[in-house]
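Raw coords24.cif, mmCIF, C-alpha atoms:
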```cif
data_target
#
loop_
_atom_site.label_atom_id
_atom_site.label_comp_id
_atom_site.auth_asym_id
_atom_site.auth_seq_id
_atom_site.Cartn_x
_atom_site.Cartn_y
_atom_site.Cartn_z
CA MET S 1 -10.75 -30.77 3.13
CA ILE S 2 -11.02 -28.32 6.05
CA ASN S 3 -10.37 -31.10 8.56
CA ASN S 4 -7.08 -31.93 6.84
CA ILE S 5 -5.53 -28.51 7.45
CA PRO S 6 -2.74 -28.77 10.05
CA ASP S 7 -1.97 -26.20 12.76
CA LEU S 8 -0.77 -23.04 10.97
CA SER S 9 -0.14 -20.94 14.07
CA LEU S 10 3.64 -21.46 14.02
CA LEU S 11 4.20 -20.19 10.48
CA PRO S 12 6.15 -16.90 10.20
CA VAL S 13 3.18 -15.40 8.36
CA SER S 14 0.83 -16.07 11.28
CA TRP S 15 1.75 -12.71 12.84
CA LYS S 16 -0.37 -10.13 14.60
CA GLY S 17 0.01 -6.43 13.96
CA ILE S 18 0.22 -5.59 17.64
CA ASP S 19 3.44 -7.64 17.81
CA LEU S 20 5.08 -6.54 14.56
CA SER S 21 4.43 -2.87 15.30
CA LYS S 22 6.97 -3.16 18.13
CA ASN S 23 9.71 -4.64 15.95
CA LYS S 24 10.01 -2.75 12.67
CA SER S 25 13.47 -4.16 12.00
CA LEU S 26 11.76 -7.41 10.98
CA TRP S 27 9.95 -5.80 8.05
CA VAL S 28 11.74 -2.56 7.15
CA LYS S 29 14.84 -2.23 4.99
CA THR S 30 16.49 1.13 4.28
CA PHE S 31 18.53 1.38 1.10
CA SER S 32 22.20 2.21 1.66
CA ASN S 33 23.92 5.01 -0.26
CA GLN S 34 25.66 2.35 -2.36
CA GLU S 35 22.33 0.72 -3.23
CA ILE S 36 20.80 4.07 -4.20
CA LEU S 37 23.79 4.66 -6.47
CA GLU S 38 23.27 1.25 -8.08
CA LEU S 39 19.60 2.05 -8.70
CA GLU S 40 20.49 5.44 -10.15
CA ASN S 41 23.18 4.03 -12.46
CA ALA S 42 20.89 1.27 -13.74
CA THR S 43 18.09 3.79 -14.31
CA PHE S 44 20.20 6.25 -16.30
CA LYS S 45 21.77 3.45 -18.33
CA PHE S 46 18.37 2.14 -19.37
CA LEU S 47 17.10 5.61 -20.26
CA LYS S 48 20.09 6.10 -22.55
CA SER S 49 19.06 2.96 -24.46
CA LYS S 50 15.83 4.71 -25.59
CA LYS S 51 13.97 1.39 -25.21
CA ASP S 52 10.31 1.23 -24.23
CA LEU S 53 9.98 0.54 -20.51
CA SER S 54 7.43 -2.23 -21.07
CA GLN S 55 10.17 -4.19 -22.89
CA MET S 56 12.78 -3.91 -20.12
CA LYS S 57 14.35 -7.20 -19.01
CA CYS S 58 15.78 -7.90 -15.57
CA LYS S 59 19.27 -8.46 -17.04
CA GLU S 60 19.18 -4.91 -18.43
CA PHE S 61 18.73 -3.42 -14.94
CA ILE S 62 21.95 -4.47 -13.25
CA LEU S 63 22.14 -4.13 -9.46
CA PRO S 64 25.51 -5.65 -8.42
CA THR S 65 24.81 -5.95 -4.68
CA LEU S 66 21.14 -5.02 -4.21
CA SER S 67 19.96 -7.84 -6.47
CA ASN S 68 20.89 -10.39 -3.78
CA ASP S 69 18.66 -8.63 -1.25
CA LEU S 70 15.78 -8.55 -3.73
CA ILE S 71 16.12 -12.30 -4.28
CA LYS S 72 15.95 -12.77 -0.51
CA LEU S 73 12.93 -10.46 -0.42
CA GLN S 74 11.11 -12.67 -2.91
CA LYS S 75 11.61 -15.63 -0.59
CA GLU S 76 10.47 -13.57 2.42
CA LEU S 77 7.25 -12.76 0.59
CA MET S 78 6.52 -16.40 -0.17
CA ASN S 79 7.76 -18.05 3.03
CA GLY S 80 8.27 -15.32 5.63
CA LEU S 81 6.12 -12.48 6.93
CA GLY S 82 4.57 -11.97 3.49
CA PHE S 83 5.47 -8.30 3.09
CA LYS S 84 8.36 -5.84 3.22
CA LEU S 85 8.78 -2.06 3.37
CA LEU S 86 11.78 -0.57 1.54
CA LYS S 87 12.78 3.01 2.39
CA GLY S 88 15.24 5.67 1.34
CA ILE S 89 14.82 6.54 -2.33
CA PRO S 90 15.20 10.36 -2.61
CA THR S 91 12.23 10.92 -4.92
CA GLU S 92 12.84 14.67 -5.06
CA LYS S 93 16.00 14.04 -7.10
CA TYR S 94 14.23 12.35 -10.00
CA ASN S 95 11.44 13.02 -12.48
CA ILE S 96 8.47 10.71 -13.02
CA LYS S 97 10.11 8.81 -15.89
CA GLN S 98 13.26 8.16 -13.90
CA LEU S 99 11.24 6.99 -10.90
CA ALA S 100 9.10 4.74 -13.09
CA VAL S 101 12.21 3.10 -14.58
CA MET S 102 13.79 2.69 -11.13
CA TYR S 103 10.69 1.14 -9.59
CA TYR S 104 9.95 -1.07 -12.60
CA GLY S 105 13.55 -2.29 -12.55
CA ILE S 106 13.30 -3.19 -8.87
CA GLY S 107 10.08 -5.06 -9.61
CA LEU S 108 11.72 -7.11 -12.38
CA HIS S 109 14.20 -8.49 -9.84
CA ILE S 110 11.24 -9.85 -7.86
CA GLY S 111 8.77 -11.01 -10.51
CA SER S 112 7.13 -10.53 -13.89
CA PRO S 113 4.83 -7.46 -14.25
CA ARG S 114 1.16 -8.16 -15.00
CA SER S 115 -1.63 -6.06 -16.49
CA GLN S 116 -3.51 -4.24 -13.73
CA ASN S 117 -6.63 -3.29 -15.68
CA ALA S 118 -8.41 -3.72 -18.99
CA LYS S 119 -6.25 -0.98 -20.52
CA GLY S 120 -3.13 -3.08 -19.99
CA HIS S 121 -1.27 -0.89 -17.48
CA LEU S 122 1.88 -2.74 -16.38
CA LEU S 123 2.60 0.22 -14.11
CA GLY S 124 -0.41 1.50 -12.23
CA HIS S 125 -1.11 4.91 -10.72
CA VAL S 126 -2.97 5.02 -7.41
CA LYS S 127 -4.48 8.48 -7.31
CA ASP S 128 -7.83 10.14 -6.62
CA LEU S 129 -9.29 10.97 -10.03
CA GLY S 130 -12.52 12.37 -8.60
CA LEU S 131 -14.53 9.36 -9.80
CA ASN S 132 -17.67 7.87 -8.23
CA LEU S 133 -17.59 4.29 -6.96
CA LYS S 134 -21.27 3.91 -7.84
CA ASN S 135 -20.07 3.63 -11.42
CA ARG S 136 -19.38 -0.08 -11.89
CA ASP S 137 -16.32 0.62 -14.07
CA VAL S 138 -14.63 2.64 -11.30
CA ARG S 139 -12.20 0.97 -8.90
CA VAL S 140 -11.41 2.09 -5.36
CA TYR S 141 -7.78 3.05 -6.05
CA GLN S 142 -9.10 5.79 -8.38
CA THR S 143 -10.82 7.50 -5.42
CA ASN S 144 -9.86 8.75 -1.96
CA GLU S 145 -12.22 6.34 -0.18
CA ARG S 146 -11.17 3.56 2.15
CA GLN S 147 -10.30 0.42 0.22
CA HIS S 148 -11.22 -2.22 2.83
CA PHE S 149 -9.18 -5.39 3.26
CA HIS S 150 -8.71 -7.30 0.02
CA THR S 151 -6.27 -9.13 -2.22
CA ASP S 152 -5.29 -8.27 -5.79
CA SER S 153 -5.26 -10.59 -8.80
CA SER S 154 -1.53 -11.34 -8.81
CA ASP S 155 1.04 -13.12 -6.67
CA VAL S 156 2.49 -9.84 -5.38
CA VAL S 157 1.38 -6.21 -5.30
CA GLY S 158 3.94 -3.43 -4.92
CA LEU S 159 3.34 0.23 -4.10
CA MET S 160 5.83 3.09 -4.36
CA CYS S 161 4.94 6.38 -2.69
CA LEU S 162 5.72 9.49 -4.74
CA LYS S 163 3.58 11.92 -2.74
CA GLU S 164 1.57 11.48 0.45
CA ALA S 165 -1.89 12.80 1.25
CA ARG S 166 -2.56 15.83 3.42
CA HIS S 167 -4.22 13.52 5.94
CA GLY S 168 -4.92 9.77 6.00
CA GLY S 169 -4.18 7.18 3.33
CA ILE S 170 -2.53 4.91 5.91
CA SER S 171 -1.62 1.39 4.74
CA MET S 172 -2.98 -1.58 6.69
CA LEU S 173 -1.98 -5.23 6.35
CA ALA S 174 -3.42 -8.38 7.91
CA SER S 175 -2.25 -11.97 7.74
CA THR S 176 -4.85 -14.20 6.10
CA ILE S 177 -3.40 -17.11 8.08
CA THR S 178 -3.90 -15.26 11.37
CA VAL S 179 -7.46 -14.35 10.40
CA TYR S 180 -8.09 -18.03 9.59
CA ASN S 181 -6.61 -19.14 12.92
CA GLU S 182 -8.78 -16.66 14.84
CA PHE S 183 -11.88 -17.56 12.85
CA LYS S 184 -11.37 -21.28 13.39
CA SER S 185 -11.08 -20.69 17.13
CA LYS S 186 -14.05 -18.33 17.51
CA PHE S 187 -16.51 -19.42 14.81
CA PRO S 188 -15.77 -23.08 13.91
CA HIS S 189 -19.40 -23.65 12.88
CA LEU S 190 -19.04 -21.02 10.13
CA LEU S 191 -15.59 -21.99 8.85
CA LYS S 192 -16.88 -24.19 6.03
CA TYR S 193 -18.50 -21.17 4.35
CA LEU S 194 -15.10 -19.58 3.75
CA PHE S 195 -14.24 -22.59 1.58
CA LYS S 196 -17.45 -22.48 -0.48
CA PRO S 197 -17.48 -20.75 -3.93
CA ILE S 198 -18.79 -17.22 -3.95
CA SER S 199 -19.50 -14.78 -6.82
CA ARG S 200 -17.28 -11.72 -7.36
CA ASP S 201 -17.92 -8.74 -9.61
CA ARG S 202 -15.38 -8.08 -12.39
CA ARG S 203 -16.30 -4.36 -12.29
CA GLY S 204 -16.62 -4.16 -16.08
CA GLU S 205 -13.23 -5.77 -16.82
CA ILE S 206 -14.54 -8.87 -18.56
CA PRO S 207 -12.28 -11.29 -20.49
CA THR S 208 -13.59 -12.51 -23.84
CA GLY S 209 -16.23 -15.21 -23.40
CA GLU S 210 -16.55 -14.74 -19.63
CA LYS S 211 -19.41 -13.56 -17.44
CA PRO S 212 -19.28 -10.17 -15.64
CA PHE S 213 -18.55 -12.11 -12.44
CA TYR S 214 -16.58 -15.20 -11.45
CA ASN S 215 -16.92 -17.75 -8.64
CA LEU S 216 -14.14 -18.35 -6.13
CA SER S 217 -14.11 -19.18 -2.41
CA VAL S 218 -12.40 -16.92 0.15
CA LEU S 219 -9.98 -19.63 1.34
CA HIS S 220 -8.32 -22.52 -0.50
CA TRP S 221 -6.32 -25.39 0.98
CA TYR S 222 -4.23 -26.66 -1.92
CA LYS S 223 -0.87 -28.46 -2.09
CA ASP S 224 -0.29 -27.90 1.64
CA LYS S 225 -0.80 -24.13 1.40
CA LEU S 226 -3.68 -21.95 2.60
CA THR S 227 -4.38 -19.27 0.00
CA GLY S 228 -6.80 -16.39 0.44
CA VAL S 229 -8.54 -14.24 -2.18
CA TYR S 230 -10.96 -11.59 -0.99
CA HIS S 231 -12.77 -8.33 -1.75
CA ARG S 232 -16.03 -7.88 0.15
CA GLY S 233 -17.19 -4.95 -1.98
CA TYR S 234 -16.95 -6.99 -5.18
CA ILE S 235 -18.65 -9.95 -3.49
CA ASP S 236 -21.56 -7.77 -2.44
CA SER S 237 -21.97 -6.09 -5.84
CA ALA S 238 -21.93 -9.46 -7.60
CA GLN S 239 -25.22 -10.24 -5.84
CA ASN S 240 -26.87 -7.88 -8.33
CA TYR S 241 -26.38 -10.39 -11.16
CA SER S 242 -29.37 -12.69 -11.53
CA ASP S 243 -27.27 -15.81 -12.16
CA SER S 244 -24.65 -15.23 -9.45
CA ILE S 245 -24.38 -17.51 -6.41
CA LYS S 246 -26.75 -16.09 -3.83
CA LEU S 247 -25.41 -15.72 -0.30
CA SER S 248 -27.19 -17.67 2.41
CA LYS S 249 -27.69 -16.10 5.83
CA ASN S 250 -24.83 -18.17 7.28
CA HIS S 251 -22.51 -17.43 4.36
CA ARG S 252 -23.08 -13.71 4.79
CA LEU S 253 -22.55 -14.06 8.56
CA ALA S 254 -19.25 -15.85 7.93
CA LEU S 255 -18.08 -12.95 5.75
CA ASP S 256 -19.15 -10.48 8.43
CA LYS S 257 -17.09 -12.34 11.03
CA PHE S 258 -14.13 -12.54 8.64
CA ASP S 259 -14.31 -8.76 8.27
CA GLU S 260 -14.70 -8.32 12.02
CA ILE S 261 -11.51 -10.25 12.76
CA THR S 262 -9.54 -8.58 9.97
CA ASN S 263 -10.50 -5.14 11.26
CA ASP S 264 -9.37 -5.87 14.83
CA ASN S 265 -6.55 -3.40 15.58
CA LYS S 266 -4.62 -6.18 17.31
CA ILE S 267 -4.69 -8.22 14.12
CA TYR S 268 -3.76 -5.69 11.44
CA LEU S 269 -0.55 -3.68 11.09
CA LYS S 270 -0.62 0.01 10.16
CA MET S 271 2.16 1.82 8.34
CA LYS S 272 2.45 5.33 7.01
CA PHE S 273 3.93 5.83 3.54
CA SER S 274 6.47 8.58 2.97
CA PRO S 275 7.83 9.61 -0.45
CA GLY S 276 10.38 7.02 -1.58
CA ASP S 277 8.84 4.14 0.39
CA ILE S 278 8.15 0.89 -1.47
CA GLN S 279 5.88 -1.81 -0.04
CA PHE S 280 5.68 -5.33 -1.45
CA VAL S 281 2.82 -7.60 -0.33
CA TYR S 282 2.21 -11.29 -1.04
CA ASN S 283 -1.46 -11.53 -2.00
CA HIS S 284 -1.84 -15.25 -1.29
CA SER S 285 -1.27 -14.84 2.45
CA ILE S 286 -1.74 -11.11 3.17
CA LEU S 287 -4.79 -8.83 2.95
CA HIS S 288 -4.18 -5.13 2.38
CA ASP S 289 -6.22 -2.01 2.96
CA ARG S 290 -5.93 1.76 3.03
CA THR S 291 -7.72 4.33 5.12
CA SER S 292 -9.63 7.12 3.39
CA TYR S 293 -7.74 10.34 2.96
CA ILE S 294 -7.99 14.09 2.51
CA ASP S 295 -5.81 15.31 -0.33
CA TRP S 296 -4.10 18.59 -1.11
CA GLU S 297 -5.87 21.13 -3.31
CA ASP S 298 -2.70 21.72 -5.30
CA GLU S 299 -2.68 19.13 -8.11
CA ASN S 300 1.11 18.92 -7.93
CA LYS S 301 1.00 17.86 -4.28
CA LYS S 302 -1.79 15.24 -4.47
CA ARG S 303 -1.23 11.73 -3.13
CA HIS S 304 0.32 9.56 -5.82
CA LEU S 305 1.55 5.97 -5.66
CA LEU S 306 2.98 3.77 -8.41
CA ARG S 307 1.76 0.18 -8.40
CA LEU S 308 3.07 -3.13 -9.72
CA TRP S 309 1.39 -6.51 -9.95
CA LEU S 310 3.99 -9.27 -10.14
CA SER S 311 4.02 -12.99 -10.90
CA LEU S 312 6.74 -14.94 -9.06
CA LYS S 313 8.95 -17.76 -10.28
CA ASN S 314 8.99 -20.88 -8.08
CA ASP S 315 5.80 -19.76 -6.34
CA ARG S 316 3.11 -21.99 -4.86
CA PRO S 317 0.74 -23.81 -7.23
CA LEU S 318 -2.81 -22.50 -7.35
CA PRO S 319 -6.01 -24.51 -7.91
CA LYS S 320 -7.56 -24.52 -11.38
CA SER S 321 -10.44 -22.34 -10.15
CA PHE S 322 -8.03 -19.36 -10.01
CA SER S 323 -7.84 -19.32 -13.81
CA GLN S 324 -11.23 -17.57 -13.79
CA ARG S 325 -9.54 -14.46 -12.46
CA TYR S 326 -5.84 -15.03 -13.13
CA GLY S 327 -6.34 -16.06 -16.75
CA SER S 328 -3.57 -18.64 -16.36
CA ILE S 329 -2.34 -20.51 -13.30
CA GLU S 330 1.09 -21.15 -14.85
CA ILE S 331 3.69 -20.35 -12.18
CA GLY S 332 5.70 -17.27 -13.15
CA ASN S 333 3.19 -16.30 -15.84
CA ARG S 334 -0.11 -15.78 -14.10
CA GLY S 335 -2.35 -13.05 -12.80
CA GLY S 336 -3.46 -9.72 -14.15
CA ILE S 337 -6.40 -8.57 -16.22
CA ILE S 338 -6.63 -9.24 -19.95
CA THR S 339 -9.63 -8.39 -22.14
CA LYS S 340 -10.05 -8.06 -25.91
CA ARG S 341 -9.16 -4.37 -25.74
CA THR S 342 -6.05 -4.79 -23.53
CA ASN S 343 -2.82 -3.27 -24.85
CA LEU S 344 0.16 -3.85 -22.55
CA HIS S 345 2.10 -0.65 -21.82
CA VAL S 346 3.68 1.47 -19.09
CA PRO S 347 1.90 4.82 -18.67
CA LEU S 348 3.65 7.68 -16.89
CA SER S 349 0.35 9.21 -15.73
CA PRO S 350 -3.04 7.84 -14.54
#
```
Could you render the structure as structure tokens?
Amino acid sequence: MINNIPDLSLLPVSWKGIDLSKNKSLWVKTFSNQEILELENATFKFLKSKKDLSQMKCKEFILPTLSNDLIKLQKELMNGLGFKLLKGIPTEKYNIKQLAVMYYGIGLHIGSPRSQNAKGHLLGHVKDLGLNLKNRDVRVYQTNERQHFHTDSSDVVGLMCLKEARHGGISMLASTITVYNEFKSKFPHLLKYLFKPISRDRRGEIPTGEKPFYNLSVLHWYKDKLTGVYHRGYIDSAQNYSDSIKLSKNHRLALDKFDEITNDNKIYLKMKFSPGDIQFVYNHSILHDRTSYIDWEDENKKRHLLRLWLSLKNDRPLPKSFSQRYGSIEIGNRGGIITKRTNLHVPLSP
């Protein structure tokens, strides 16, 4: 299987951060005044309907001109650089409910929202809740610690910045395809281990009838696409389960080298979030990370991001093994976390 993978170095997504950092026009879009007005009008119209946000349909959030750009953005995520940064929403003008509606409406023009945790949050809140990662039910986005490069369990992850940290919390992205290309060149003898199944901790979010971990390789060559799925922290913690796949010395070394390449400052791209910024990232070809941060003491000023997990129409097919984590591999209706206690809803606070 590995020997059948063609040269991927010419794909648009095979970028290096050191290059993209010099040409922001390739990956940054600033909303025009007209587009902001469209977003505002659609938001206020939906709020007047008194409907529950979780029931909003794309056709109810009408964006006469911006919708065309969001359709193009979807294609850029799947076939281009794999990410985009949107700027210019004046967050100070709106309250949390208005911002949630605006962001959720934008997301609907790109994909279908998915549950981000066992509680069924279709809109997530990335905020330090003062929790301890040693607790297996705690996830990194609920703390101020570094996240480390990973992918989420959906086709796309979106983040909207409401408030930035006092210091740190810088976003970092790396192309999985570039990491693969570098790895293949430098450590060809270890490459096969990235395609071998590996156990991953569910961190307490366990679907009915499933084990507290699942088995999935880091890289997958399927239907002429290279797809990555990664989270080193959850791989390491899964080793605590007696019936998980135990890492061999070479398998662990391969993961170490994968991390080493991903954390090369020539490979990853850094970007600072400001209030009103929205970042969309294609999980199948992009790894994302965040530096640790120091927050404000004032609760009203603390770093706060809204998050969406989205499933895309007309996206790439995924191998059957992804159903362990995605629940379904049906294109346009896959990804997210569903357990027996999941109740889908859109919370306006963490």
From S:Leu306, S:Ala118, S:Leu255, S:Leu81, residue lying nearest Lys97 of chain S [all atoms listed in the file]: S:Leu306
Counting all atoms listed in the file, give me one row per residue of segment 67-127 of chain S with an atom at most 12 Å from an atom of segment 188-205 of chain S, showing the shortest contact pair and its distance in Å to one decimal, sorted by chain then residue number, as a Markdown table.
```
| residue | atom | partner | partner_atom | distance |
| --- | --- | --- | --- | --- |
| S:Ser115 | CA | S:Glu205 | CA | 11.6 |
| S:Gln116 | CA | S:Glu205 | CA | 10.3 |
| S:Asn117 | CA | S:Glu205 | CA | 7.1 |
| S:Ala118 | CA | S:Glu205 | CA | 5.7 |
| S:Lys119 | CA | S:Glu205 | CA | 9.2 |
| S:Gly120 | CA | S:Glu205 | CA | 10.9 |
```
Nearest to Leu305 of chain S, chosen from S:Met271, S:Cys161, S:Leu253, S:Leu63, with all atoms listed in the file counted in the distances: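 Under the stated criterion, the closest residue is S:Cys161.
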Residue with smallest distance to Gly80 of chain S - pool S:Ile18, S:Val13, S:Met56, S:Leu39, counting all atoms listed in the file: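 Residue with the minimum atom-to-atom distance to Gly80 of chain S: S:Val13.
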Quick one: what's the axis-aligned box for segment 34-46 of chain S, all listed atoms, 8 Å on every side, centre and edges in Å to one decimal, as lines of an AutoDock Vina configuration file?
```
center_x = 21.9
center_y = 3.5
center_z = -10.9
size_x = 23.6
size_y = 21.5
size_z = 33.0
```
Residues returned when the PyMOL selection byres ((chain S and resi 122) around 7) runs on this file, as a PyMOL selection string: chain S and resi 113-116+120-121+123-124+308+344-346
Between atom CA of Glu260 of chain S and atom CA of Trp15 of chain S, distance in Å (one decimal):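 Value for the atom CA of Glu260 of chain S-atom CA of Trp15 of chain S distance: 17.0 Å.
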Test item: the PyMOL selection byres ((chain S and resi 302) around 8) resolved as a ChimeraX atom specification: /S:127,163-166,295-301,303-304
Separation of atom CA of Lys45 of chain S from atom CA of Pro275 of chain S, in Å and rounded to one decimal: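 Distance between the two atoms: 23.5 Å.
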Option closest in space to Ile286 of chain S, from S:Lys16, S:Lys246, S:Lys51, S:Arg341 [counting all atoms listed in the file]: S:Lys16
Start from the incomplete input, build all heavy atoms for segment 272-281 of chain S, and deliver everything as a compact mmCIF listing (two decimals), in the frame of the given file.
```
# COMPACT_ATOMS: atom_id res chain seq x y z
N LYS S 272 2.60 4.09 7.75
CA LYS S 272 2.45 5.33 7.01
C LYS S 272 3.48 5.37 5.88
O LYS S 272 4.65 5.08 6.09
CB LYS S 272 2.66 6.53 7.94
CG LYS S 272 2.51 7.89 7.28
CD LYS S 272 2.69 8.98 8.32
CE LYS S 272 2.51 10.37 7.71
NZ LYS S 272 3.60 10.69 6.74
N PHE S 273 3.02 5.69 4.68
CA PHE S 273 3.93 5.83 3.54
C PHE S 273 4.50 7.24 3.49
O PHE S 273 3.79 8.22 3.64
CB PHE S 273 3.19 5.58 2.22
CG PHE S 273 2.88 4.13 1.95
CD1 PHE S 273 1.90 3.80 1.03
CD2 PHE S 273 3.56 3.11 2.58
CE1 PHE S 273 1.61 2.48 0.75
CE2 PHE S 273 3.28 1.79 2.32
CZ PHE S 273 2.30 1.47 1.41
N SER S 274 5.80 7.31 3.25
CA SER S 274 6.47 8.58 2.97
C SER S 274 7.04 8.50 1.56
O SER S 274 7.29 7.39 1.05
CB SER S 274 7.59 8.83 3.97
OG SER S 274 7.08 8.93 5.28
N PRO S 275 7.25 9.64 0.90
CA PRO S 275 7.83 9.61 -0.45
C PRO S 275 9.12 8.79 -0.48
O PRO S 275 9.99 8.95 0.39
CB PRO S 275 8.09 11.09 -0.74
CG PRO S 275 7.02 11.79 0.02
CD PRO S 275 6.89 11.02 1.31
N GLY S 276 9.22 7.89 -1.45
CA GLY S 276 10.38 7.02 -1.58
C GLY S 276 10.19 5.65 -0.96
O GLY S 276 11.00 4.74 -1.18
N ASP S 277 9.12 5.45 -0.20
CA ASP S 277 8.84 4.14 0.39
C ASP S 277 8.27 3.19 -0.67
O ASP S 277 7.47 3.60 -1.52
CB ASP S 277 7.82 4.25 1.52
CG ASP S 277 8.40 4.89 2.77
OD1 ASP S 277 9.61 5.17 2.78
OD2 ASP S 277 7.63 5.10 3.73
N ILE S 278 8.68 1.93 -0.59
CA ILE S 278 8.15 0.89 -1.47
C ILE S 278 7.68 -0.27 -0.61
O ILE S 278 8.44 -0.80 0.21
CB ILE S 278 9.20 0.39 -2.47
CG1 ILE S 278 9.67 1.52 -3.38
CG2 ILE S 278 8.63 -0.76 -3.31
CD1 ILE S 278 10.80 1.11 -4.33
N GLN S 279 6.45 -0.67 -0.78
CA GLN S 279 5.88 -1.81 -0.04
C GLN S 279 5.57 -2.94 -1.02
O GLN S 279 4.93 -2.73 -2.04
CB GLN S 279 4.59 -1.37 0.67
CG GLN S 279 3.89 -2.47 1.45
CD GLN S 279 2.45 -2.09 1.78
OE1 GLN S 279 1.58 -2.09 0.90
NE2 GLN S 279 2.20 -1.76 3.04
N PHE S 280 6.04 -4.14 -0.69
CA PHE S 280 5.68 -5.33 -1.45
C PHE S 280 4.87 -6.26 -0.56
O PHE S 280 5.24 -6.50 0.60
CB PHE S 280 6.93 -6.05 -1.97
CG PHE S 280 7.60 -5.36 -3.12
CD1 PHE S 280 8.81 -4.71 -2.94
CD2 PHE S 280 7.02 -5.35 -4.39
CE1 PHE S 280 9.44 -4.06 -4.00
CE2 PHE S 280 7.64 -4.69 -5.45
CZ PHE S 280 8.85 -4.06 -5.26
N VAL S 281 3.75 -6.78 -1.10
CA VAL S 281 2.82 -7.60 -0.33
C VAL S 281 2.49 -8.87 -1.13
O VAL S 281 2.19 -8.80 -2.33
CB VAL S 281 1.52 -6.83 -0.03
CG1 VAL S 281 0.49 -7.73 0.64
CG2 VAL S 281 1.81 -5.62 0.85
```
